[in-house]
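Engineer: Starting off with a structure, shown below.
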Amino acid sequence: MDLSGKSYKAYLERREALKKQYSPKQAEKQHKKGKLTAHERINRLFDPGTFEEIDTFVTPADQPVEFGKVERTFGDGVIVGHGKVNGRLVFAYAQDFTIMGGSLGVVHSRKIAKIQEMALKMGSPIIGIMDSGGARIQDGVASLSGYASIFHNIIQSSGIIPQISVIMGPAAGGAVYSPALTDFVFMVNHTSYMFVTGPNVVREVLNEDVTFEDLGGAEIHAIKSGVAHMIYDDEENTILALKKFLSYLPSNNVENPPFVPEDGTVQDVCEKLRDIVPDDPNKAYDVKDVIQLVVDRNSFFETAELFAPNLVTGLARLKGRTIGIVANQPKVLAGVLDIDSSTKGARFIRFCDAFNIPILTFEDVPGFLPGAEQEHRGIIRHGAKLLFAYSEATVPKITIILRKAYGGAFIVMNSKNLGGDFSFAWPTAEIAVMGPEGAVAILYRKELAESKNPAELKKELVKKYRDKIANPFIADELGYIDEVIDPAVTRKKILSALNALSNKWVKVPNRKHGNMPL
């Protein structure tokens, strides 16, 4: 090729025009908001020198002048491509707020749809980095149709490849359904927002004054709505966490999660586990202490930590292999199941099942949260989601009953007759239809009413109930659990069970899909 020829000169001119498009002034504007540019985000996410951009020089669709000028920029406000993250192929798109506010026009949407279809075809994860003013008004219905194509592709890829959304700016209107459809959502505190209708519309329609932060900020979605699973204080740490999170996941639904060699510092027998659960059954403790002593050192990555904290979910490793953890948290609402925790647990379980991640359950649950509010909001329907998810899952499922396992909650938390593979209990476990106090109050109502010292009688009856009914040895003898174990050997038992389940295969019914109680 003649490098001084006309064709090569045109090539160089285009490259130069592309460089000028991304001015230092625009980058500085992003930085002043506490945000990185789209290119900086991509460069931090991918292994150095591995990212290959696609459709770099496409331009926006022409629109009538009277409806506002559309900048004739390259790329149409979104960067798409593929590269390596932790040495594995990953596809990504990053909306560029410095180009027309990152608004989604028809060409912009086609680029995203194209990279989604490539990721599905190659069986690789896809990351969507969102920083957009929403649909491009000038593109009209074509913009809305573009969103529909993106949503459709997410749904077609669901359960086949991991899909993760990273909100690094605004996401408003129809745009919010894209992250809501993906597997996990990361947000950045104070610089990212999601809402169906913005503060101005809320003010106009409902006469309510609300800030961007209070309406759809990261903390709102992490604590109240549950839309965001992980939030961090800046974009750099968000991307670092995202890269770590990806290291737990397989590339697709026909692969097993990647193996990461452990450092060998965690012993299979840990005597500290004997001292965590208090002798007093009404005293709280932190179930994360149990998790940390069982899994590989520093391997627990909690998901949705701030939403429904009475149920802990997250990924960890055992001997270098990824597992999903679901655990009742006695230090929050005594570990009861409610609407939010049931929904949180069900979605996490279904993700693990879709991507061949074994599920380990730590159980200490006194039941479902009682009360008119929960009943009226549909605790029956939402609790059934968790029930459905556990029963539907075909990956290896292991349960450790640490303490309380009462009533319907015992059934829901991966009991053997629900399809759990192995169920172990610590000697501190209490397994019964209901708690001792409630059972005694019903069974001995007359005796307690006639007693001269009802408090003392109730105390005796509660102890008798625990000894004769609500203890793990009865369940062990009847075969409803597999074994009462020494807490110190918990990790060893789990590893043995996982080894036994390594070739687990379940023939599922021939049907289109079940009808989960959504």
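In the structure tokens, chains take letters A, B, ... by order of appearance, with residues numbered from 1 within each chain and ligands from 1 in the order shown.
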Find the residues near segment 393-401 of chain A: any atom within 8 Å, counting only C-alpha atoms, skip ones fewer than 6 places away on the same chain, and give them as a compact mmCIF listing (two decimals) with N, CA and C atoms, in the first residue's frame.

Structural biologist:
# COMPACT_ATOMS: atom_id res chain seq x y z
N ILE A 349 -31.11 -17.36 43.64
CA ILE A 349 -31.09 -18.81 43.44
C ILE A 349 -31.25 -19.15 41.96
N ARG A 350 -32.16 -18.47 41.29
CA ARG A 350 -32.39 -18.75 39.86
C ARG A 350 -31.16 -18.38 39.03
N CYS A 352 -27.99 -18.54 40.12
CA CYS A 352 -27.03 -19.61 40.38
C CYS A 352 -27.39 -20.87 39.59
N ASP A 353 -28.66 -21.21 39.57
CA ASP A 353 -29.10 -22.40 38.87
C ASP A 353 -28.86 -22.28 37.37
N ASN A 356 -24.89 -22.86 36.65
CA ASN A 356 -24.17 -24.04 37.18
C ASN A 356 -23.38 -23.75 38.46
N ILE A 357 -23.95 -22.91 39.31
CA ILE A 357 -23.30 -22.56 40.57
C ILE A 357 -24.02 -23.27 41.72
N PRO A 358 -23.37 -24.21 42.41
CA PRO A 358 -24.00 -24.92 43.53
C PRO A 358 -24.49 -23.93 44.59
N ILE A 359 -25.57 -24.30 45.29
CA ILE A 359 -26.17 -23.41 46.27
C ILE A 359 -26.00 -23.99 47.67
N LEU A 360 -25.39 -23.21 48.55
CA LEU A 360 -25.19 -23.58 49.94
C LEU A 360 -26.08 -22.68 50.81
N THR A 361 -26.93 -23.30 51.63
CA THR A 361 -27.88 -22.56 52.46
C THR A 361 -27.54 -22.73 53.93
N PHE A 362 -27.41 -21.59 54.62
CA PHE A 362 -27.26 -21.60 56.08
C PHE A 362 -28.59 -21.14 56.67
N GLU A 363 -29.21 -22.03 57.44
CA GLU A 363 -30.59 -21.79 57.89
C GLU A 363 -30.69 -21.49 59.37
N ASP A 364 -31.32 -20.38 59.67
CA ASP A 364 -31.71 -20.04 61.04
C ASP A 364 -32.92 -19.12 60.92
N MET A 413 -36.72 -23.22 52.96
CA MET A 413 -35.26 -23.07 52.92
C MET A 413 -34.57 -24.38 52.54
N ASN A 414 -34.92 -24.88 51.36
CA ASN A 414 -34.22 -26.01 50.75
C ASN A 414 -34.28 -27.30 51.57
N SER A 415 -35.47 -27.63 52.08
CA SER A 415 -35.61 -28.90 52.80
C SER A 415 -35.46 -30.08 51.83
N GLY A 420 -33.78 -30.62 48.14
CA GLY A 420 -32.41 -30.42 48.63
C GLY A 420 -31.64 -31.73 48.59
N ASP A 421 -30.37 -31.65 48.22
CA ASP A 421 -29.57 -32.87 48.08
C ASP A 421 -29.03 -33.38 49.42
N PHE A 422 -28.41 -32.48 50.19
CA PHE A 422 -27.89 -32.85 51.50
C PHE A 422 -28.38 -31.82 52.52
N SER A 423 -28.78 -32.31 53.68
CA SER A 423 -29.23 -31.42 54.75
C SER A 423 -28.57 -31.84 56.05
N PHE A 424 -27.73 -30.96 56.58
CA PHE A 424 -27.04 -31.22 57.83
C PHE A 424 -27.54 -30.25 58.89
N ALA A 425 -27.42 -30.63 60.15
CA ALA A 425 -27.84 -29.75 61.24
C ALA A 425 -26.78 -29.73 62.32
N TRP A 426 -26.59 -28.56 62.90
CA TRP A 426 -25.75 -28.45 64.09
C TRP A 426 -26.56 -28.92 65.30
N ALA A 429 -29.60 -26.91 66.49
CA ALA A 429 -30.77 -26.75 65.61
C ALA A 429 -32.06 -27.04 66.35
N ILE A 494 -19.34 -30.13 53.78
CA ILE A 494 -19.81 -29.48 52.55
C ILE A 494 -18.94 -29.90 51.37
N ALA A 497 -19.85 -33.36 50.36
CA ALA A 497 -21.15 -33.39 49.68
C ALA A 497 -21.02 -32.86 48.25
N LEU A 498 -20.27 -31.78 48.07
CA LEU A 498 -20.08 -31.22 46.73
C LEU A 498 -19.35 -32.20 45.82
N LEU A 501 -21.73 -34.72 44.66
CA LEU A 501 -22.71 -34.15 43.73
C LEU A 501 -22.09 -33.65 42.43
N SER A 502 -20.81 -33.90 42.24
CA SER A 502 -20.11 -33.31 41.08
C SER A 502 -20.68 -33.76 39.74
N LYS A 504 -23.97 -34.64 39.38
CA LYS A 504 -25.43 -34.61 39.53
C LYS A 504 -26.09 -34.28 38.19
N TRP A 505 -27.13 -35.03 37.89
CA TRP A 505 -27.89 -34.80 36.65
C TRP A 505 -29.36 -35.03 36.95
N VAL A 506 -30.18 -34.08 36.56
CA VAL A 506 -31.62 -34.16 36.82
C VAL A 506 -32.37 -34.03 35.51

Engineer: Give the strand (DSSP E) residues of segment 25-270 of chain A, as DSSP finds them on the backbone, and put them as JSON, numbers by chain.

Structural biologist: {"A": [52, 53, 54, 78, 79, 80, 81, 82, 83, 84, 85, 88, 89, 90, 91, 92, 93, 94, 95, 126, 127, 128, 129, 130, 163, 164, 165, 166, 167, 170, 171, 172, 184, 185, 186, 187, 188, 193, 194, 195, 230, 231, 232]}

Engineer: If you take only C-alpha atoms and a cut-off of 10 Å, which residues of segment 340-408 of chain A touch segment 469-472 of chain A, and what are their nearest atom pairs and distances in Å to one decimal, in chain and number order, as JSON lines?

Structural biologist:
{"residue": "A:Ile401", "atom": "CA", "partner": "A:Pro472", "partner_atom": "CA", "distance": 8.9}
{"residue": "A:Arg403", "atom": "CA", "partner": "A:Pro472", "partner_atom": "CA", "distance": 9.2}
{"residue": "A:Lys404", "atom": "CA", "partner": "A:Ala470", "partner_atom": "CA", "distance": 8.9}
{"residue": "A:Ala405", "atom": "CA", "partner": "A:Ala470", "partner_atom": "CA", "distance": 9.0}
{"residue": "A:Tyr406", "atom": "CA", "partner": "A:Ala470", "partner_atom": "CA", "distance": 8.9}

Engineer: Measuring between only C-alpha atoms, which one of A:Thr50, A:Gln26, A:Thr265, A:Asn200 shows the shortest distance to Met100 of chain A?

Structural biologist: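 Looking at the shortest contact to Met100 of chain A, the residue is A:Gln26.
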
Engineer: Determine, counting only C-alpha atoms, which protein, DNA and RNA residues have an atom within 8 Å of an atom of Pro309 of chain A; residues of the same chain fewer than 3 positions away are not included. Present the result as a PyMOL selection string.

Structural biologist: chain A and resi 305-306+312+329+332+341

Engineer: Only C-alpha atoms, please: the residues just picked out, written as a PDB file, in the first residue's frame.

Structural biologist:
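Dumped to result28.pdb:
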ATOM      1  CA  GLU A 305     -26.065  -6.371  50.951  1.00  0.00           C
ATOM      2  CA  LEU A 306     -28.242  -3.362  51.839  1.00  0.00           C
ATOM      3  CA  VAL A 312     -27.691 -12.784  53.075  1.00  0.00           C
ATOM      4  CA  GLN A 329     -29.367 -13.354  59.195  1.00  0.00           C
ATOM      5  CA  VAL A 332     -31.730  -8.532  61.411  1.00  0.00           C
ATOM      6  CA  SER A 341     -36.027 -11.238  51.373  1.00  0.00           C
TER       7      SER A 341
END

Engineer: Pick from A:Asp131, A:Glu255, A:Glu204, A:Glu430: nearest to Ile160 of chain A, with only C-alpha atoms counted?

Structural biologist: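 Of A:Asp131, A:Glu255, A:Glu204, A:Glu430, the one nearest Ile160 of chain A is A:Glu255, counting only C-alpha atoms.
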
Engineer: Using DSSP on the backbone, list every residue of segment 94-172 of chain A that comes out as alpha helix (DSSP H), and give them as number ranges by chain.

Structural biologist: A: 106-122, 141-157

Engineer: Which neighbours of Leu181 of chain A fall inside 12 Å, counting only C-alpha atoms, when residues of the same chain fewer than 4 positions from it are skipped, and could you give them as a ChimeraX atom specification?

Structural biologist: /A:128,150-159,162-165,174-177,185,227-228,347

Engineer: Those residues you just picked out, can you put them in a file as a tab-separated table (two decimals), in the first residue's frame with C-alpha atoms?

Structural biologist:
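Printed below is selection.tsv as written:
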chain	number	residue	atom	x	y	z
A	128	GLY	CA	-23.61	-2.43	29.74
A	150	ILE	CA	-32.32	-4.03	23.29
A	151	PHE	CA	-34.84	-5.36	25.81
A	152	HIS	CA	-35.70	-8.27	23.51
A	153	ASN	CA	-32.04	-9.23	23.19
A	154	ILE	CA	-31.55	-9.15	26.96
A	155	ILE	CA	-34.50	-11.48	27.42
A	156	GLN	CA	-33.27	-13.83	24.69
A	157	SER	CA	-29.84	-13.99	26.36
A	158	SER	CA	-31.19	-14.36	29.90
A	159	GLY	CA	-29.87	-17.48	31.59
A	162	PRO	CA	-24.21	-13.33	32.29
A	163	GLN	CA	-25.52	-9.80	31.71
A	164	ILE	CA	-24.43	-7.01	34.03
A	165	SER	CA	-25.45	-3.35	34.05
A	174	GLY	CA	-37.71	3.34	29.31
A	175	ALA	CA	-33.94	3.06	29.66
A	176	VAL	CA	-34.27	1.75	33.22
A	177	TYR	CA	-35.81	-1.51	32.07
A	185	VAL	CA	-26.82	-3.95	38.61
A	227	VAL	CA	-32.96	-2.65	41.87
A	228	ALA	CA	-29.24	-2.09	42.52
A	347	ARG	CA	-33.79	-14.22	42.06

Engineer: Considering only C-alpha atoms, can you say which of A:Gly226, A:Gly146, A:Gly123, A:Gly378 comes closest to Ala180 of chain A?

Structural biologist: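 Under the stated criterion, the closest residue is A:Gly226.
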
Engineer: Please list as a list of chain:residue names every residue within 10 Å of segment 14-25 of chain A, counting only C-alpha atoms and excluding residues in the same chain fewer than 6 positions away.

Structural biologist: A:Tyr8, A:His31, A:Thr37, A:His39, A:Thr56, A:Phe57, A:Thr73, A:Phe74, A:Gly75, A:Thr98, A:Ile99

Engineer: With distances taken over only C-alpha atoms, which of A:Ala10, A:Glu447, A:Lys243, A:Glu219 is nearest to Ile42 of chain A?

Structural biologist: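 Selected residue with least distance to Ile42 of chain A: A:Lys243.
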
Engineer: Can you pull out every residue within 9 Å of Ser342 of chain A, counting only C-alpha atoms, but drop anything in the same chain fewer than 6 positions away, and send it as a PyMOL selection string?

Structural biologist: chain A and resi 308+311+379+382-387

Engineer: Which residue gives the smallest distance to Leu246 of chain A among A:Ala432, A:Ile127, A:Met187, A:Ala38, with only C-alpha atoms counted?

Structural biologist: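 For Leu246 of chain A, the nearest of the candidates is A:Ile127.
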
Engineer: Ser149 of chain A: which residues within 9 Å, counting only C-alpha atoms, same-chain residues fewer than 6 positions away excluded, as a ChimeraX atom specification?

Structural biologist: /A:109-110,113

Engineer: Store the residues picked out above in a file with C-alpha atoms, as a PDB file, in the first residue's frame.

Structural biologist:
ATOM      1  CA  SER A 109     -29.500   1.310  19.576  1.00  0.00           C
ATOM      2  CA  ARG A 110     -28.425  -0.754  16.559  1.00  0.00           C
ATOM      3  CA  ALA A 113     -28.198  -4.657  19.690  1.00  0.00           C
TER       4      ALA A 113
END

Engineer: Do you have the atom CA of Lys493 of chain A-atom CA of Lys244 of chain A distance handy?

Structural biologist: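 Computing it gives 27.5 Å between the two atoms.
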
Engineer: Of the residues A:Val326, A:Glu213, A:Glu235, A:Gly335, which is the one nearest to Thr303 of chain A, using only C-alpha atoms?

Structural biologist: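 Selected residue with least distance to Thr303 of chain A: A:Val326.
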